[in-house]
Amino acid sequence: MARQNPRVREVDENDLEVHEPKSWAAGLPAVYYSMEPALDQMGVVRAGRTLLSMNQKGGFDCMSCAWPDPGHRSTFEFCENGAKAVTWEATPVTVGSEFWAEHSISDLRGRSEYWLGMQGRLTEPVHKAKGEDHYRPVSWAEAVSIVADKLSSLESPDEAAFYTSGRASNEAAFLYQLFVRGFGTNNLPDCSNMCHESSGWGMGQTIGIGKATVSYDDYVNADLLILIGQNPGTNHPRMLAALEKQKENGGQIVAVNPLPEAGLRRFKNPQNAKGVVGRGTELADQFLQIRAGGDMALLQAVSKRVLEAEDAAPGTVLDHEFLARHCEGLEELKAHLAALDEQTVLAATGLTSAEIDELAERYLEAENVVITWAMGVTQQKNGVATIKEIINLLLLRGNIGRPGAGASPVRGHSNVQGDRTMGVWEQMPPAFLDALGQEFSFEPPRHHGTDAVETVRQMRDGRIRFFLALGGNFVGAMSDTAATEAATEKLEMSVQISTKLNRSHAVVGEEALILPTLGRTEIDVQATGEQFVSVEDTVCAVHASRGSVQPVSTNLLSEVAIVSRIARATLADAVDADWEAFERDYDTIREHISHVVVGCEDYNERIRQEGGFVMENGPRDSRTFNTPTGKAQLTVNALDLLECPPGRLILQTMRSHDQFNTTIYGHNDRYRGIKKGRHVVFVNPDDLAELGFEDGQLVDVHGEYVDGKDRVLRRFRLVAYPTARGCAAAYYPEANILVPLDDTVKGSNTPVSKGVIVRLEHAVGGPSGAGADEDARPDRTATV
């Protein structure tokens, strides 16, 4: 396909418009903002083939979230963000060979994520040699040889790290971890380390599995849904349809969040009349505008009220049979919560006792309860302990392992859960490694590898010299932007397997390669014919995914092919694996998966069943718990308050509505009233007045930490917004610089992006910004 001229206009601080935030989500505007870019950038035919195949049986799985598919699917089984993700990937705009001569890496580094992504699809391998400032096109054979030669030159396999984005398929992920372990290391950082790692640890230690214990039907049949630290209207909009069905079935919803998001208030479903001409469906029956970091205290306070209700009416509140047969730790929890101080809870949450009483009463009246959460919980300093408190509350009344009840972390990436199932983790259990070694006749390494944060530390210290990323944007996604970029530049080689440009292609090691790959939307034809891949969604359902449109270039390789070729060139006979066969026929990969991965037996047969299959889940299926004692654990967790000094605010990073992770689709955040800009910080108007600032002023946002470094966001505009008192919010990846590398969640090592102590100062310096087409982005960040 011929390269077209990308229409890219950056914005500056003078373009920014601030309007009233919306009180409802979706509706006809969502249809317009879905279809307008799709038709404009892809054309009618390509847009139709992709959008009408997305999330359909026989089609491809949307890459923008891991929300499960309902049993009965509509013709338009996609949301606004899904349509934007497909448009972004399936665009016929391509990066031509002349681009690399026109743009140096130094030039690319000055561009925004938006500009980089809008240049189009990558179609040829390119290499930056040591000492050079330009990529140059190379053949696939040369690119693979460069990577293999570098890996072979390392003194130890642990001098390499292999990152994975959650959008990789099960087949690619399984081969990737096999290649890495065959090479001799467990350095397998992935995007889970930055988002739901806390869920895995908190749930794993209490109920023996780090996955949701619910099905799709449980969401719609729950008597009560409690959503904590979650914004479905932007991050997984298809969930709104499930919430609407739950309300139609007579259920109630409680939302717990520092910001009053439109997607938690009212949903206008554009696929029915009520959503088009009516008011839509009111969602949250109760909204608890909690102070950032206060969720743990709230959950403890509700559990304490549940226990007090049992004391007042013995034998009528707790599920005694379930607790006696399946759980342990009840008496210790009772003793601990009896000493919980109400004033401490109120200070931590910013709520009133009456608000907490109301939530407790709703919980006590509901027969079946689902608690669901996202990064608003997992990226708190005490995220692991907070998730343990979610499990405590559910276990007290037996709300795990029965219809309409359970625990539900909602994944963001479309196959981040499948990647972990396939072995992409730096510390896979011995049983998995035993099975892998037996299947491929080698001894996998047993020592723990590096997660995302530890990988940056070892890159910084010179212990990791090589970095390969299967998808994603590691440099843009990681915390402590300045530290991550400096560490990346110390690498001897960085390699990115990608569909489009991002920040990780502009901040590179001494040598760098970009290896372009097929997108999920594209038809994948190998030597034995057309192939399909598989993914696992947030409720453990595994299903096939098949691209629907022709690739933008015949020179693209699939992720499976790229991994197989690098492995074949690097490992020789280190593992007994037929890499050429894997590339020719993906069924050969799935046959090995069925022998190695528990729950994936007869994989080729089961994945071809209509709708695929559901992975086993002990807590959900049989109330069995894979813990050391075989019982679910009620745990005692010390309440550790997030202290905020006077004159400071607690800042959280978050997505705009016009983005998916670090991918920026545009400059608007429609539901929050932001247009033509991203360099804003949301602050409660009463806090602005108290701190001596006004709406619309430009400020420098300083992060304060014990390491003494003053990390700064320069010239961000204040937006008076109804956040919780004492709290603020800004978009990532821009605000990642404020999160220190070593400020991580206790127990999971996830960056603490939901508890950044900041101070505001009047902006220094003259006007900054870029208004002309393709101008470099303004320098908005600094570390002093």
# chains A, B, ... in the order shown; residues from 1 in each chain; ligands from 1
>>> closest_atom_pairs(of="stretch 717-771 of chain A", to="stretch 287-310 of chain A", cutoff="8 Å", atoms="only C-alpha atoms", output="Markdown table")
| residue | atom | partner | partner_atom | distance |
| --- | --- | --- | --- | --- |
| A:Thr723 | CA | A:Gln289 | CA | 7.8 |
| A:Ala724 | CA | A:Arg291 | CA | 5.6 |
| A:Arg725 | CA | A:Arg291 | CA | 6.9 |
| A:Gly726 | CA | A:Arg291 | CA | 7.3 |
| A:Cys727 | CA | A:Ala292 | CA | 6.6 |
| A:Lys754 | CA | A:Ala292 | CA | 7.0 |
| A:Gly755 | CA | A:Gly293 | CA | 6.6 |
>>> closest_atom_pairs(of="stretch 85-197 of chain A", to="stretch 366-387 of chain A", cutoff="10 Å", atoms="only C-alpha atoms", output="JSON lines")
{"residue": "A:Met194", "atom": "CA", "partner": "A:Gln379", "partner_atom": "CA", "distance": 7.9}
{"residue": "A:Cys195", "atom": "CA", "partner": "A:Met375", "partner_atom": "CA", "distance": 6.0}
{"residue": "A:His196", "atom": "CA", "partner": "A:Thr378", "partner_atom": "CA", "distance": 6.0}
{"residue": "A:Glu197", "atom": "CA", "partner": "A:Thr378", "partner_atom": "CA", "distance": 7.4}
>>> write_last_selection(atoms="N, CA and C atoms", output="tab-separated table (two decimals), in the first residue's frame")
chain	number	residue	atom	x	y	z
A	194	MET	N	3.51	-3.71	35.80
A	194	MET	CA	3.16	-2.31	35.99
A	194	MET	C	1.69	-2.10	36.35
A	195	CYS	N	0.86	-3.12	36.19
A	195	CYS	CA	-0.58	-2.89	36.38
A	195	CYS	C	-1.19	-3.85	37.39
A	196	HIS	N	-1.42	-5.12	37.02
A	196	HIS	CA	-2.18	-6.02	37.88
A	196	HIS	C	-1.31	-7.00	38.66
A	197	GLU	N	-0.02	-6.74	38.76
A	197	GLU	CA	0.82	-7.64	39.55
A	197	GLU	C	0.33	-7.73	41.00
>>> residues_around(residues="A:Ala47", least_positions_apart="3", cutoff="12 Å", atoms="only C-alpha atoms", output="list of chain:residue names")
A:Ser34, A:Met35, A:Glu36, A:Pro37, A:Ala38, A:Leu39, A:Asp40, A:Gln41, A:Met42, A:Gly43, A:Val44, A:Thr50, A:Leu51, A:Leu52, A:Ser53, A:Met54, A:Ala83, A:Lys84, A:Ala85, A:Val86, A:Thr87, A:Trp88, A:Glu89, A:Ala90, A:Thr91, A:Pro92, A:Thr521, A:Ser548, A:Val549
>>> atom_distance(atom1="atom CA of A:Glu342", atom2="atom CA of A:Leu688")
28.3 Å
>>> closest_residue(among="A:Phe60, A:Asn269, A:Val45, A:Trp100", to="A:Gln531", atoms="only C-alpha atoms")
A:Phe60
>>> closest_residue(among="A:His447, A:Leu175, A:Pro516, A:Ala482", to="A:Asp710", atoms="only C-alpha atoms")
A:Ala482
